[in-house]
Amino acid sequence: MKIKTTLITCLAFLCFSTLAWAQDDDAIKSTVNAYLDGITKGDTALLGKAFHPTAILRTFNASTGKIQDFPVRNFIRNTPAGGAKATTKLVAYSYAGISATATVELEFQDFKYIDLLSLLKVNDEWKIVCRVFSRVDNGVQLKGSAGIAAAKTPATTNKKVVKPKKDDGW
């Protein structure tokens with residue numbers, strides 16, 4: 001009887017652990033997709049849902065030789081109405097506990113952004129807290145382990161022609 005109770009307890013724990021994992025898995029992908037859809041649709045509400053209000057966007061400015069930060073509120077405010085004409089892809093993501101990372105690509109006609117997103121689980125919601133990005137030529141491929149085992153999601157495309165400004169986080 002004691003073995004049966006222990007076995008049932010272990011199985012119940014395993015089921016609840018798997019359920020919690022699946023919920024986090026879906027929630028992280030949902031947050032990342034809200035970010036990508038917000039950009040391609042020009043939906044500032046989706047972007048606001050994806051980012052934590054104190055999030056920063058960070059890159060290296062080759063002209064000044066300095067790291068450049070952008071507050072997320074400026075990024076959201078400057079989102080092109082109607083969205084940006086880009087194909088998006090979730091390349092990879094991973095998480096443990098309350099922290100996660102995701103790598104995404106936003107491919108435009110003549111360049112692409114590769115974004116490294118840091119997420120935190122805040123009040124049971126996954127939020128992007130930092131976007132570190134590189135603007136690269138379309139032919140540049142992601143290197144490292146994320147490029148090897150890419151978890152792809154269907155690409156989305158916006159037909160409207162909107163070109164981002166060069167060094168403003170777009």
# chains A, B, ... in the order shown; residues from 1 in each chain; ligands from 1
$ residues_around --residues "A:Gly42" --least-positions-apart "6" --cutoff "9 Å" --atoms "only C-alpha atoms" --output "list of chain:residue names"
A:Thr79, A:Pro80, A:Ala81, A:Gly82, A:Gly83, A:Ala84
$ write_last_selection --atoms "C-alpha atoms" --output "compact mmCIF listing (two decimals), in the first residue's frame"
# COMPACT_ATOMS: atom_id res chain seq x y z
CA THR A 79 6.99 51.69 -34.44
CA PRO A 80 5.87 52.37 -38.02
CA ALA A 81 2.08 52.63 -38.36
CA GLY A 82 0.94 49.62 -40.36
CA GLY A 83 4.02 47.68 -39.37
CA ALA A 84 7.39 46.99 -40.89
$ select_by_dssp --residues "stretch 9-158 of chain A" --states "alpha helix (DSSP H)" --output "ChimeraX atom specification"
/A:9-41,44-50,72-77,145-148
$ closest_residue --among "A:Leu90, A:Val136, A:Ile114, A:Ala100" --to "A:Asp37" --atoms "only C-alpha atoms"
A:Leu90
$ closest_residue --among "A:Val91, A:Leu46, A:Leu119, A:Val72" --to "A:Arg58" --atoms "only C-alpha atoms"
A:Val72
$ closest_residue --among "A:Thr87, A:Ser118, A:Thr54, A:Thr59" --to "A:Thr101" --atoms "only C-alpha atoms"
A:Ser118
$ select_by_dssp --residues "stretch 28-118 of chain A" --states "strand (DSSP E or B)" --output "ChimeraX atom specification"
/A:51-61,66-71,87-96,99-107,112-118
$ atom_distance --atom1 "atom CA of A:Asp110" --atom2 "atom CA of A:Ala86"
10.3 Å
$ closest_residue --among "A:His52, A:Arg135, A:Lys85, A:Lys127" --to "A:Phe111" --atoms "only C-alpha atoms"
A:Arg135
$ atom_distance --atom1 "atom CA of A:Leu47" --atom2 "atom CA of A:Arg77"
9.9 Å
$ atom_distance --atom1 "atom CA of A:Asp137" --atom2 "atom CA of A:Ala102"
20.4 Å
